[in-house]
file my_file_29.txt (compact mmCIF, C-alpha atoms)
# COMPACT_ATOMS: atom_id res chain seq x y z
CA MET X 1 63.09 32.50 -4.12
CA ASN X 2 63.33 29.84 -6.85
CA LYS X 3 60.90 29.96 -9.72
CA VAL X 4 59.20 26.78 -10.90
CA THR X 5 59.49 26.26 -14.61
CA ILE X 6 56.38 24.77 -16.25
CA ASP X 7 56.75 22.86 -19.48
CA ARG X 8 54.13 24.30 -21.87
CA THR X 9 55.01 22.14 -24.84
CA PRO X 10 51.80 21.73 -26.87
CA THR X 11 50.34 18.23 -27.16
CA ASP X 12 51.15 16.53 -30.40
CA TRP X 13 47.78 14.94 -31.21
CA ASN X 14 49.13 13.42 -34.40
CA GLY X 15 52.12 11.81 -32.71
CA THR X 16 52.52 8.06 -32.46
CA ALA X 17 52.24 7.94 -28.67
CA MET X 18 49.06 10.04 -28.59
CA GLN X 19 47.45 8.02 -31.37
CA LYS X 20 48.13 4.82 -29.43
CA ARG X 21 46.49 6.31 -26.33
CA ILE X 22 43.46 7.37 -28.33
CA ALA X 23 43.22 3.92 -29.93
CA ARG X 24 43.37 2.27 -26.47
CA ARG X 25 40.67 4.63 -25.23
CA TYR X 26 38.37 3.79 -28.14
CA ALA X 27 39.07 0.07 -27.69
CA ALA X 28 38.21 0.31 -23.99
CA GLU X 29 34.94 2.07 -24.86
CA ARG X 30 34.04 -0.62 -27.40
CA ARG X 31 34.78 -3.35 -24.83
CA PHE X 32 32.63 -1.60 -22.25
CA ARG X 33 29.74 -1.29 -24.70
CA ALA X 34 30.13 -4.95 -25.70
CA ILE X 35 30.14 -6.08 -22.06
CA GLY X 36 27.06 -3.98 -21.35
CA PHE X 37 25.26 -5.42 -24.38
CA ILE X 38 26.15 -8.98 -23.35
CA ALA X 39 24.96 -8.33 -19.79
CA VAL X 40 21.61 -6.97 -21.03
CA ALA X 41 21.25 -9.87 -23.48
CA LEU X 42 21.95 -12.46 -20.77
CA SER X 43 19.49 -10.79 -18.40
CA THR X 44 16.84 -10.79 -21.12
CA LEU X 45 17.49 -14.45 -21.90
CA PHE X 46 17.23 -15.46 -18.24
CA LEU X 47 14.00 -13.48 -17.86
CA ALA X 48 12.58 -15.00 -21.05
CA PHE X 49 13.54 -18.49 -19.86
CA LEU X 50 11.85 -17.85 -16.48
CA LEU X 51 8.67 -16.53 -18.08
CA PHE X 52 8.60 -19.30 -20.67
CA THR X 53 9.01 -21.97 -17.99
CA MET X 54 6.42 -20.44 -15.69
CA LEU X 55 3.90 -19.85 -18.48
CA GLY X 56 4.48 -23.28 -20.01
CA GLN X 57 3.74 -25.05 -16.74
CA GLY X 58 1.41 -22.48 -15.21
CA VAL X 59 -1.10 -22.32 -18.04
CA ARG X 60 -1.94 -25.97 -17.42
CA GLY X 61 -2.62 -25.07 -13.80
CA PHE X 62 -5.55 -22.93 -14.91
CA GLN X 63 -7.05 -25.93 -16.70
CA ARG X 64 -8.53 -29.14 -15.38
CA THR X 65 -9.35 -32.45 -16.98
CA GLU X 66 -12.98 -33.50 -16.72
CA VAL X 67 -14.64 -36.91 -17.10
CA ALA X 68 -18.13 -37.28 -18.59
CA VAL X 69 -20.43 -39.21 -16.25
CA ASP X 70 -24.02 -40.16 -17.14
CA PHE X 71 -26.50 -39.70 -14.28
CA ASP X 72 -29.98 -41.19 -14.19
CA PHE X 73 -31.07 -39.12 -11.22
CA PRO X 74 -34.60 -40.58 -10.82
CA ALA X 75 -33.13 -44.09 -10.54
CA LEU X 76 -30.08 -43.14 -8.51
CA THR X 77 -31.99 -41.06 -5.97
CA SER X 78 -35.05 -43.31 -5.65
CA GLY X 79 -37.33 -40.80 -7.29
CA ALA X 80 -36.32 -37.60 -5.52
CA SER X 81 -38.37 -34.67 -6.77
CA VAL X 82 -37.52 -31.12 -7.69
CA ALA X 83 -39.68 -29.82 -4.86
CA SER X 84 -37.73 -31.83 -2.27
CA ILE X 85 -34.46 -30.04 -3.03
CA SER X 86 -36.02 -26.61 -3.43
CA GLY X 87 -37.16 -24.12 -0.86
CA ALA X 88 -36.25 -23.84 2.80
CA ASN X 89 -35.53 -27.55 3.33
CA ALA X 90 -33.25 -27.91 0.31
CA GLN X 91 -30.03 -28.25 2.32
CA ALA X 92 -31.46 -30.91 4.60
CA ALA X 93 -32.77 -32.87 1.62
CA LEU X 94 -29.39 -32.74 -0.14
CA ASN X 95 -27.62 -33.84 3.04
CA SER X 96 -29.90 -36.87 3.35
CA MET X 97 -29.48 -37.81 -0.30
CA ASP X 98 -25.94 -39.22 0.06
CA ILE X 99 -24.59 -37.46 -3.02
CA PRO X 100 -21.12 -39.11 -2.73
CA GLY X 101 -22.85 -42.49 -2.91
CA VAL X 102 -24.91 -41.35 -5.90
CA VAL X 103 -21.74 -40.27 -7.73
CA GLU X 104 -19.91 -43.51 -6.91
CA LEU X 105 -22.86 -45.61 -8.10
CA ALA X 106 -23.16 -43.66 -11.36
CA VAL X 107 -19.43 -43.96 -12.07
CA SER X 108 -19.33 -47.68 -11.25
CA GLN X 109 -22.30 -48.37 -13.55
CA GLN X 110 -20.56 -46.58 -16.41
CA PHE X 111 -16.88 -47.47 -15.92
CA GLY X 112 -16.91 -50.51 -13.66
CA GLU X 113 -15.79 -51.06 -10.09
CA GLN X 114 -12.60 -49.03 -10.58
CA GLY X 115 -14.53 -46.07 -11.97
CA SER X 116 -14.56 -44.16 -8.67
CA ALA X 117 -10.78 -43.84 -8.95
CA LEU X 118 -11.23 -41.66 -12.04
CA LEU X 119 -12.68 -38.72 -10.13
CA THR X 120 -11.39 -36.46 -7.38
CA SER X 121 -12.89 -36.22 -3.93
CA ALA X 122 -14.41 -32.88 -4.98
CA ALA X 123 -16.67 -34.50 -7.60
CA ALA X 124 -19.52 -34.99 -5.13
CA ALA X 125 -19.29 -31.35 -4.06
CA ASN X 126 -19.52 -30.30 -7.72
CA VAL X 127 -22.64 -32.40 -8.23
CA ARG X 128 -24.19 -30.88 -5.12
CA GLN X 129 -23.47 -27.36 -6.43
CA MET X 130 -25.07 -28.25 -9.75
CA LEU X 131 -28.20 -29.51 -8.01
CA GLU X 132 -28.36 -26.42 -5.82
CA SER X 133 -28.10 -24.07 -8.81
CA ASP X 134 -30.49 -26.11 -11.00
CA PRO X 135 -32.89 -28.38 -9.04
CA GLU X 136 -34.51 -29.47 -12.34
CA LEU X 137 -31.58 -31.85 -12.87
CA ILE X 138 -32.89 -34.21 -10.19
CA GLY X 139 -35.78 -35.32 -12.39
CA SER X 140 -33.86 -36.13 -15.58
CA LYS X 141 -30.98 -38.03 -17.12
CA GLN X 142 -27.91 -35.85 -17.51
CA ARG X 143 -24.30 -36.09 -18.63
CA LEU X 144 -22.18 -34.12 -16.20
CA TRP X 145 -18.50 -33.23 -16.52
CA LEU X 146 -16.69 -33.83 -13.25
CA PRO X 147 -13.03 -33.19 -12.31
CA ALA X 148 -10.67 -36.07 -13.01
CA GLU X 149 -8.24 -37.54 -10.51
CA SER X 150 -4.73 -36.09 -10.45
CA ARG X 151 -3.05 -39.03 -12.27
CA ILE X 152 -5.61 -38.83 -15.08
CA ASP X 153 -5.19 -35.06 -15.24
CA ILE X 154 -1.40 -35.31 -15.58
CA ALA X 155 -1.57 -38.09 -18.17
CA TYR X 156 -4.10 -36.19 -20.29
CA LYS X 157 -2.14 -32.93 -20.27
CA ARG X 158 1.33 -34.43 -20.58
CA THR X 159 3.19 -37.70 -20.18
CA GLY X 160 2.28 -39.52 -16.97
CA GLU X 161 2.12 -43.05 -15.62
CA PRO X 162 1.67 -45.80 -18.26
CA ALA X 163 -1.41 -47.14 -16.47
CA ALA X 164 -2.98 -43.69 -16.36
CA GLU X 165 -2.16 -43.14 -20.04
CA LYS X 166 -4.03 -46.33 -20.96
CA ILE X 167 -7.07 -45.12 -19.03
CA VAL X 168 -6.85 -41.73 -20.74
CA ALA X 169 -6.67 -43.40 -24.16
CA SER X 170 -9.70 -45.54 -23.33
CA LEU X 171 -11.74 -42.55 -22.13
CA GLY X 172 -10.64 -40.49 -25.09
CA GLU X 173 -11.99 -43.06 -27.52
CA ASN X 174 -15.42 -42.69 -25.93
CA ASP X 175 -15.24 -38.85 -25.92
CA ALA X 176 -15.44 -38.97 -22.14
CA LEU X 177 -12.51 -36.61 -21.49
CA ARG X 178 -12.07 -32.91 -22.04
CA THR X 179 -10.08 -29.98 -20.68
CA GLY X 180 -11.86 -26.94 -19.27
CA PHE X 181 -11.01 -23.81 -17.35
CA ASN X 182 -10.34 -24.56 -13.70
CA TRP X 183 -12.56 -22.08 -11.86
CA THR X 184 -11.91 -23.97 -8.63
CA PHE X 185 -8.29 -22.82 -8.77
CA LEU X 186 -9.42 -19.20 -8.52
CA THR X 187 -12.22 -19.69 -6.01
CA GLY X 188 -11.05 -22.58 -3.81
CA ALA X 189 -8.61 -23.08 -0.96
CA ASP X 190 -5.85 -25.52 -0.10
CA ALA X 191 -6.53 -29.24 -0.38
CA THR X 192 -4.69 -32.55 -0.34
CA ASP X 193 -5.71 -33.30 -3.94
CA PRO X 194 -3.92 -31.05 -6.48
CA SER X 195 -6.92 -31.12 -8.81
CA ALA X 196 -9.08 -29.58 -6.07
CA VAL X 197 -6.76 -26.85 -4.75
CA GLY X 198 -7.38 -23.13 -5.11
CA ILE X 199 -5.62 -19.87 -4.37
CA TRP X 200 -8.50 -17.71 -3.16
CA ALA X 201 -7.86 -18.39 0.54
CA ALA X 202 -4.15 -17.55 0.18
CA PHE X 203 -4.90 -14.54 -2.04
CA LYS X 204 -7.43 -13.19 0.47
CA GLY X 205 -4.94 -13.77 3.26
CA SER X 206 -2.35 -11.75 1.34
CA LEU X 207 -4.83 -8.92 0.77
CA MET X 208 -5.76 -8.78 4.45
CA THR X 209 -2.11 -8.91 5.51
CA MET X 210 -1.19 -6.13 3.08
CA ALA X 211 -4.10 -4.01 4.34
CA ILE X 212 -2.79 -4.23 7.93
CA THR X 213 0.74 -3.50 6.72
CA LEU X 214 -0.34 -0.43 4.75
CA MET X 215 -2.55 1.00 7.51
CA LEU X 216 0.34 0.85 9.99
CA ALA X 217 3.51 1.39 7.98
CA PHE X 218 2.34 4.24 5.71
CA PRO X 219 1.17 6.87 8.25
CA ILE X 220 3.87 6.09 10.80
CA GLY X 221 6.58 6.06 8.13
CA VAL X 222 5.42 9.34 6.54
CA PHE X 223 5.11 11.17 9.87
CA ALA X 224 8.53 9.88 10.96
CA ALA X 225 10.06 11.11 7.68
CA LEU X 226 8.44 14.55 8.06
CA TYR X 227 9.60 14.89 11.65
CA LEU X 228 13.18 13.86 10.97
CA GLU X 229 13.46 16.11 7.94
CA GLU X 230 11.50 19.19 9.01
CA TYR X 231 11.41 19.37 12.81
CA ALA X 232 14.04 17.17 14.45
CA PRO X 233 17.14 19.00 15.75
CA LYS X 234 20.47 17.93 14.30
CA ASN X 235 22.26 16.22 17.18
CA ARG X 236 23.70 12.85 18.09
CA LEU X 237 20.33 11.38 18.96
CA THR X 238 18.82 12.09 15.55
CA ASP X 239 22.03 10.88 13.90
CA MET X 240 21.69 7.58 15.78
CA ILE X 241 18.04 7.33 14.74
CA GLU X 242 18.90 7.91 11.09
CA VAL X 243 21.67 5.29 11.18
CA SER X 244 19.33 2.82 12.89
CA ILE X 245 16.63 3.33 10.26
CA ASN X 246 19.13 2.79 7.45
CA ASN X 247 20.38 -0.37 9.13
CA LEU X 248 16.85 -1.69 9.70
CA ALA X 249 16.12 -1.33 5.99
CA ALA X 250 18.97 -3.77 5.29
CA VAL X 251 18.17 -6.33 8.00
CA PRO X 252 17.24 -9.80 6.64
CA SER X 253 13.52 -10.35 6.64
CA ILE X 254 13.68 -13.46 8.80
CA ILE X 255 14.90 -11.29 11.70
CA PHE X 256 11.59 -9.44 11.61
CA GLY X 257 9.86 -12.82 11.67
CA LEU X 258 11.74 -13.71 14.85
CA LEU X 259 10.79 -10.31 16.29
CA GLY X 260 7.11 -10.90 15.45
CA LEU X 261 7.28 -14.37 17.02
CA ALA X 262 8.84 -13.02 20.23
CA VAL X 263 6.73 -9.88 20.61
CA PHE X 264 3.32 -10.41 19.03
CA LEU X 265 2.86 -14.12 19.67
CA THR X 266 4.88 -14.85 22.82
CA LEU X 267 4.64 -11.53 24.68
CA PHE X 268 1.19 -10.26 23.67
CA GLY X 269 -0.41 -13.63 22.93
CA MET X 270 -1.98 -12.63 19.62
CA PRO X 271 -3.64 -15.32 17.48
CA ARG X 272 -1.10 -17.45 15.68
CA SER X 273 -1.15 -17.71 11.89
CA SER X 274 -3.44 -14.69 11.54
CA ALA X 275 -3.42 -11.83 9.05
CA LEU X 276 -3.21 -9.39 11.97
CA VAL X 277 0.13 -10.72 13.20
CA GLY X 278 1.40 -11.09 9.63
CA GLY X 279 0.52 -7.47 8.88
CA LEU X 280 2.19 -6.21 12.05
CA THR X 281 5.36 -8.16 11.27
CA LEU X 282 5.54 -6.96 7.67
CA ALA X 283 4.78 -3.39 8.81
CA LEU X 284 7.94 -3.47 10.94
CA MET X 285 9.90 -4.58 7.89
CA THR X 286 8.34 -2.06 5.49
CA MET X 287 8.41 1.01 7.73
CA PRO X 288 12.16 1.80 7.37
CA VAL X 289 11.82 1.67 3.58
CA ILE X 290 8.93 4.15 3.68
CA VAL X 291 10.85 6.45 6.05
CA ILE X 292 13.88 6.53 3.76
CA ALA X 293 11.77 7.09 0.63
CA GLY X 294 9.75 9.77 2.42
CA ARG X 295 12.84 11.66 3.58
CA ASN X 296 14.31 11.64 0.08
CA ALA X 297 11.02 12.88 -1.35
CA VAL X 298 10.79 15.70 1.22
CA LYS X 299 14.39 16.71 0.51
CA SER X 300 13.62 17.01 -3.19
CA VAL X 301 11.08 19.81 -2.57
CA PRO X 302 12.87 23.12 -3.36
CA PRO X 303 13.55 25.40 -0.34
CA SER X 304 11.96 28.26 -2.23
CA ILE X 305 8.54 26.60 -1.72
CA ARG X 306 9.01 26.75 2.04
CA GLU X 307 10.33 30.31 1.95
CA ALA X 308 7.45 31.51 -0.22
CA ALA X 309 4.86 29.88 2.04
CA LEU X 310 6.44 31.40 5.15
CA GLY X 311 6.64 34.77 3.39
CA ILE X 312 2.89 34.94 2.87
CA GLY X 313 2.17 34.14 6.51
CA ALA X 314 1.80 30.35 6.62
CA SER X 315 2.71 28.62 9.86
CA PRO X 316 5.44 25.94 9.88
CA VAL X 317 2.77 23.23 10.15
CA GLN X 318 0.86 24.69 7.21
CA VAL X 319 4.07 24.84 5.18
CA VAL X 320 4.71 21.15 5.76
CA PHE X 321 1.17 19.78 5.28
CA HIS X 322 -0.16 22.24 2.67
CA HIS X 323 2.91 22.65 0.49
CA VAL X 324 5.80 20.25 1.21
CA LEU X 325 3.82 17.03 1.72
CA PRO X 326 1.64 17.35 -1.43
CA LEU X 327 4.73 17.99 -3.54
CA ALA X 328 6.62 15.09 -1.95
CA LEU X 329 3.65 12.72 -2.25
CA PRO X 330 4.64 11.13 -5.62
CA GLY X 331 7.99 10.00 -4.26
CA ILE X 332 6.44 8.84 -0.98
CA LEU X 333 3.77 6.81 -2.77
CA THR X 334 6.29 5.26 -5.15
CA GLY X 335 8.52 4.19 -2.27
CA THR X 336 5.50 2.88 -0.36
CA ILE X 337 4.27 0.74 -3.25
CA ILE X 338 7.75 -0.66 -3.84
CA GLY X 339 8.07 -1.50 -0.15
CA MET X 340 4.64 -3.12 -0.17
CA ALA X 341 5.56 -5.17 -3.24
CA ARG X 342 8.64 -6.42 -1.42
CA ALA X 343 6.53 -7.32 1.61
CA LEU X 344 4.01 -9.14 -0.61
CA GLY X 345 6.69 -11.51 -1.85
CA GLU X 346 8.19 -12.29 1.56
CA THR X 347 7.92 -15.81 2.93
CA ALA X 348 10.43 -16.17 5.77
CA PRO X 349 8.76 -13.74 8.25
CA LEU X 350 5.36 -15.34 7.71
CA LEU X 351 6.76 -18.83 8.22
CA MET X 352 8.21 -17.75 11.56
CA ILE X 353 4.82 -16.58 12.86
CA GLY X 354 3.06 -19.78 11.79
CA MET X 355 1.29 -18.73 8.58
CA ARG X 356 2.09 -22.07 7.00
CA ALA X 357 -0.92 -23.90 8.33
CA PHE X 358 -3.24 -25.97 6.17
CA ILE X 359 -6.13 -23.57 5.47
CA PRO X 360 -9.09 -25.36 3.83
CA SER X 361 -11.26 -22.21 3.70
CA ALA X 362 -10.74 -18.48 3.25
CA PRO X 363 -10.34 -16.41 6.45
CA GLN X 364 -13.36 -14.34 7.46
CA GLY X 365 -11.60 -11.92 9.80
CA PHE X 366 -8.17 -10.50 10.58
CA THR X 367 -7.75 -12.82 13.57
CA ASP X 368 -8.72 -16.02 11.75
CA ALA X 369 -6.08 -18.53 10.71
CA ALA X 370 -4.76 -17.57 7.28
CA THR X 371 -1.92 -18.07 4.89
CA ALA X 372 -0.37 -15.90 2.19
CA LEU X 373 0.24 -16.46 -1.49
CA PRO X 374 4.07 -16.77 -1.28
CA VAL X 375 3.74 -19.23 1.61
CA GLN X 376 1.16 -21.24 -0.33
CA ILE X 377 3.56 -21.41 -3.29
CA TYR X 378 6.33 -22.59 -0.98
CA LEU X 379 4.14 -25.31 0.54
CA TRP X 380 2.94 -26.58 -2.84
CA SER X 381 6.50 -26.68 -4.20
CA ASP X 382 7.41 -29.06 -1.37
CA GLU X 383 4.65 -31.57 -2.21
CA VAL X 384 5.54 -34.99 -3.61
CA ASN X 385 2.52 -35.24 -5.91
CA GLN X 386 3.48 -34.10 -9.43
CA GLY X 387 0.08 -32.49 -9.83
CA PHE X 388 1.20 -29.63 -7.57
CA VAL X 389 3.97 -28.60 -10.01
CA GLU X 390 1.64 -26.86 -12.45
CA LYS X 391 -0.42 -25.44 -9.57
CA THR X 392 2.74 -23.90 -8.13
CA SER X 393 3.60 -22.31 -11.47
CA ALA X 394 0.05 -21.02 -11.88
CA ALA X 395 0.14 -19.48 -8.40
CA ILE X 396 3.46 -17.83 -9.28
CA ILE X 397 1.81 -16.30 -12.36
CA VAL X 398 -0.96 -14.87 -10.16
CA LEU X 399 1.64 -13.46 -7.75
CA LEU X 400 3.60 -11.88 -10.62
CA ILE X 401 0.43 -10.31 -11.99
CA PHE X 402 -0.31 -8.92 -8.53
CA LEU X 403 3.21 -7.48 -8.27
CA LEU X 404 3.02 -5.98 -11.77
CA GLY X 405 -0.30 -4.42 -10.83
CA MET X 406 1.22 -2.80 -7.75
CA ASN X 407 4.16 -1.47 -9.77
CA ALA X 408 1.79 -0.13 -12.42
CA LEU X 409 -0.13 1.62 -9.64
CA ALA X 410 3.10 3.19 -8.40
CA ILE X 411 3.89 4.51 -11.89
CA TYR X 412 0.37 5.90 -12.26
CA LEU X 413 0.46 7.65 -8.89
CA ARG X 414 3.88 9.12 -9.61
CA ASN X 415 2.74 10.52 -12.96
CA ARG X 416 -0.59 11.65 -11.50
CA PHE X 417 0.85 13.74 -8.67
CA GLU X 418 4.23 14.64 -10.11
CA THR X 419 5.02 18.35 -10.42
CA ARG X 420 7.70 19.47 -12.86
CA TRP X 421 9.78 22.48 -11.97
call {"tool": "encode", "arguments": {"input": "my_file_29.txt", "output": "structure tokens"}}
result
Amino acid sequence: MNKVTIDRTPTDWNGTAMQKRIARRYAAERRFRAIGFIAVALSTLFLAFLLFTMLGQGVRGFQRTEVAVDFDFPALTSGASVASISGANAQAALNSMDIPGVVELAVSQQFGEQGSALLTSAAAANVRQMLESDPELIGSKQRLWLPAESRIDIAYKRTGEPAAEKIVASLGENDALRTGFNWTFLTGADATDPSAVGIWAAFKGSLMTMAITLMLAFPIGVFAALYLEEYAPKNRLTDMIEVSINNLAAVPSIIFGLLGLAVFLTLFGMPRSSALVGGLTLALMTMPVIVIAGRNAVKSVPPSIREAALGIGASPVQVVFHHVLPLALPGILTGTIIGMARALGETAPLLMIGMRAFIPSAPQGFTDAATALPVQIYLWSDEVNQGFVEKTSAAIIVLLIFLLGMNALAIYLRNRFETRW
């Protein structure tokens, strides 16, 4: 039998060849560190550019330009009294007062025949709200600040049309223009005039949709993860189920929109463009993510916990729900919040089920017509009017704050329930 001879010549670390190899190794490490630093720097620059652009345009979306209009209410309303717009008949009295005509007459007296073009269509509604909150105004002369028309708003905040800039300059000389916080943007709904739009209807629609999604996806996903990890036998059927769940987590979101359109709307005839259908569709999309996160969290619980619980007489169900599930809860909650944050930013599935309708008021129930914040952003970005640009950026800021809040909640829950071994 032949013996194999092994060369045991010691490595010459000071030799020329070895020094070249070491130099190449160090050079490769320096290149890798430089590439990593450049990648991080570019990512930071892109993120800073995105935030700077969104904040630069979005901050103006939270502001509105207002025009000062002088009202002589006793003359304009033919001597309407405080008592007439107070009490049980206040709404009927305001309806018969023709407030839009009062506003148009006051503006034309102050700025001429073209004065009505300075204000938005929501100016009359603002005057009505002021009279409802303070009926004493009806018996006095008042200077009220009303929202300016979109062209005036754009020209006052930044460069706009030359004609609008001349009007802004003229109003500015008379101290008849100012910029204030746009509360309507936070409390209103969609509108055709960018100066009168709001995000509350879309925000409420998103909250209702996310509530349906969470109520369905979380319990079903957690129970499915517990069953597959703790009870399901290891055979071909469970292997197929696991592969299917992993594949569903990677399916494009628009496929779930088509599924929701075919099943919930066409087959079951559920109300179109409702938070209920939107929540069901997003629950289908989020459930595989929760199942995968739940299984990984259950796997991370040490087997010794199960063995100790069984050793002191606990039943298999008690082991799972009294010991394994509480210890796996931080990972399950983190995965759930991340999945919900992904669902919150989805647009394609909601477009497929019709949640792109014009919604002039906030939905009152889960079956009412509604829209969602990402869909509202998409619709505003497609508008021709330049006034919607800053509103789109402002809505994006609100959506980012919502997403950051959900991620912060995930971090808090993970730290709150985390157990260190």
call {"tool": "closest_residue", "arguments": {"input": "my_file_29.txt", "among": "X:Ile292, X:Ala211, X:Leu51, X:Ala163", "to": "Ile332 (chain X)", "atoms": "only C-alpha atoms"}}
result
X:Ile292
call {"tool": "atom_distance", "arguments": {"input": "my_file_29.txt", "atom1": "CA of Ile337 (chain X)", "atom2": "CA of Ile255 (chain X)"}}
result
21.9 Å
call {"tool": "closest_residue", "arguments": {"input": "my_file_29.txt", "among": "X:Gly294, X:Gly354, X:Gly331, X:Gly311", "to": "Pro271 (chain X)", "atoms": "all atoms listed in the file"}}
result
X:Gly354
call {"tool": "closest_residue", "arguments": {"input": "my_file_29.txt", "among": "X:Ala155, X:Leu276, X:Val317, X:Met340", "to": "Leu214 (chain X)", "atoms": "all atoms listed in the file"}}
result
X:Met340
call {"tool": "atom_distance", "arguments": {"input": "my_file_29.txt", "atom1": "CA of Trp200 (chain X)", "atom2": "CA of Ala362 (chain X)"}}
result
6.8 Å
call {"tool": "residues_around", "arguments": {"input": "my_file_29.txt", "residues": "Arg295 (chain X)", "least_positions_apart": "5", "cutoff": "7 Å", "atoms": "all atoms listed in the file", "output": "short mmCIF file (atom, residue, chain, number, x, y, z; two decimals) with C-alpha atoms, keeping the file's coordinate frame"}}
result
data_model
loop_
_atom_site.label_atom_id
_atom_site.label_comp_id
_atom_site.auth_asym_id
_atom_site.auth_seq_id
_atom_site.Cartn_x
_atom_site.Cartn_y
_atom_site.Cartn_z
CA ALA X 225 10.06 11.11 7.68
CA LEU X 226 8.44 14.55 8.06
CA GLU X 229 13.46 16.11 7.94
#
call {"tool": "axis_aligned_box", "arguments": {"input": "my_file_29.txt", "around": "region 9-24 of chain X", "padding_each_side": "6 Å", "output": "AutoDock Vina command-line options"}}
result
--center_x 49.1 --center_y 12.2 --center_z -29.6 --size_x 23.8 --size_y 31.9 --size_z 21.6
call {"tool": "closest_residue", "arguments": {"input": "my_file_29.txt", "among": "X:Glu165, X:Glu307, X:Glu113, X:Glu390", "to": "Met54 (chain X)", "atoms": "only C-alpha atoms"}}
result
X:Glu390
call {"tool": "residues_around", "arguments": {"input": "my_file_29.txt", "residues": "region 140-151 of chain X", "least_positions_apart": "4", "cutoff": "6 Å", "atoms": "all atoms listed in the file", "output": "PyMOL selection string"}}
result
chain X and resi 65-73+118-120+123+195
call {"tool": "residues_around", "arguments": {"input": "my_file_29.txt", "residues": "Tyr156 (chain X)", "least_positions_apart": "2", "cutoff": "12 Å", "atoms": "only C-alpha atoms", "output": "VMD selection string"}}
result
chain X and resid 60 63 to 67 148 to 154 158 to 172 176 to 179 387
call {"tool": "residues_around", "arguments": {"input": "my_file_29.txt", "residues": "Leu400 (chain X)", "least_positions_apart": "4", "cutoff": "12 Å", "atoms": "only C-alpha atoms", "output": "CSV table (one decimal) with C-alpha atoms, in the frame of the given file"}}
result
chain,number,residue,atom,x,y,z
X,50,LEU,CA,11.8,-17.8,-16.5
X,51,LEU,CA,8.7,-16.5,-18.1
X,54,MET,CA,6.4,-20.4,-15.7
X,55,LEU,CA,3.9,-19.8,-18.5
X,58,GLY,CA,1.4,-22.5,-15.2
X,341,ALA,CA,5.6,-5.2,-3.2
X,342,ARG,CA,8.6,-6.4,-1.4
X,344,LEU,CA,4.0,-9.1,-0.6
X,345,GLY,CA,6.7,-11.5,-1.8
X,373,LEU,CA,0.2,-16.5,-1.5
X,374,PRO,CA,4.1,-16.8,-1.3
X,393,SER,CA,3.6,-22.3,-11.5
X,394,ALA,CA,0.0,-21.0,-11.9
X,395,ALA,CA,0.1,-19.5,-8.4
X,396,ILE,CA,3.5,-17.8,-9.3
X,404,LEU,CA,3.0,-6.0,-11.8
X,405,GLY,CA,-0.3,-4.4,-10.8
X,406,MET,CA,1.2,-2.8,-7.8
X,407,ASN,CA,4.2,-1.5,-9.8
call {"tool": "residues_around", "arguments": {"input": "my_file_29.txt", "residues": "Met97 (chain X)", "least_positions_apart": "5", "cutoff": "12 Å", "atoms": "only C-alpha atoms", "output": "list in words"}}
result
Phe73, Leu76, Thr77, Ser78, Gly79, Ala80, Ser81, Ser84, Ile85, Ala90, Gln91, Ala92, Val102, Val103, Ala124, Val127, Arg128, Leu131 and Ile138 of chain X
call {"tool": "build_atoms", "arguments": {"input": "my_file_29.txt", "residues": "region 276-286 of chain X", "atoms": "N, CA and C atoms", "output": "PDB file, in the coordinates of the input"}}
result
ATOM      1  N   LEU X 276      -3.564 -10.504  11.090  1.00  0.00           N
ATOM      2  CA  LEU X 276      -3.210  -9.390  11.970  1.00  0.00           C
ATOM      3  C   LEU X 276      -1.734  -9.440  12.352  1.00  0.00           C
ATOM      4  N   VAL X 277      -1.279 -10.593  12.811  1.00  0.00           N
ATOM      5  CA  VAL X 277       0.130 -10.720  13.200  1.00  0.00           C
ATOM      6  C   VAL X 277       1.038 -10.618  11.971  1.00  0.00           C
ATOM      7  N   GLY X 278       0.610 -11.213  10.850  1.00  0.00           N
ATOM      8  CA  GLY X 278       1.400 -11.090   9.630  1.00  0.00           C
ATOM      9  C   GLY X 278       1.542  -9.654   9.186  1.00  0.00           C
ATOM     10  N   GLY X 279       0.451  -8.875   9.262  1.00  0.00           N
ATOM     11  CA  GLY X 279       0.520  -7.470   8.880  1.00  0.00           C
ATOM     12  C   GLY X 279       1.403  -6.659   9.801  1.00  0.00           C
ATOM     13  N   LEU X 280       1.322  -6.921  11.111  1.00  0.00           N
ATOM     14  CA  LEU X 280       2.190  -6.210  12.050  1.00  0.00           C
ATOM     15  C   LEU X 280       3.658  -6.516  11.796  1.00  0.00           C
ATOM     16  N   THR X 281       3.963  -7.772  11.521  1.00  0.00           N
ATOM     17  CA  THR X 281       5.360  -8.160  11.270  1.00  0.00           C
ATOM     18  C   THR X 281       5.888  -7.511   9.994  1.00  0.00           C
ATOM     19  N   LEU X 282       5.097  -7.567   8.928  1.00  0.00           N
ATOM     20  CA  LEU X 282       5.540  -6.960   7.670  1.00  0.00           C
ATOM     21  C   LEU X 282       5.568  -5.440   7.755  1.00  0.00           C
ATOM     22  N   ALA X 283       4.736  -4.849   8.625  1.00  0.00           N
ATOM     23  CA  ALA X 283       4.780  -3.390   8.810  1.00  0.00           C
ATOM     24  C   ALA X 283       6.121  -2.974   9.420  1.00  0.00           C
ATOM     25  N   LEU X 284       6.623  -3.766  10.371  1.00  0.00           N
ATOM     26  CA  LEU X 284       7.940  -3.470  10.940  1.00  0.00           C
ATOM     27  C   LEU X 284       9.028  -3.525   9.870  1.00  0.00           C
ATOM     28  N   MET X 285       8.897  -4.436   8.943  1.00  0.00           N
ATOM     29  CA  MET X 285       9.900  -4.580   7.890  1.00  0.00           C
ATOM     30  C   MET X 285       9.783  -3.491   6.840  1.00  0.00           C
ATOM     31  N   THR X 286       8.565  -3.027   6.555  1.00  0.00           N
ATOM     32  CA  THR X 286       8.340  -2.060   5.490  1.00  0.00           C
ATOM     33  C   THR X 286       8.553  -0.623   5.957  1.00  0.00           C
TER      34      THR X 286
END
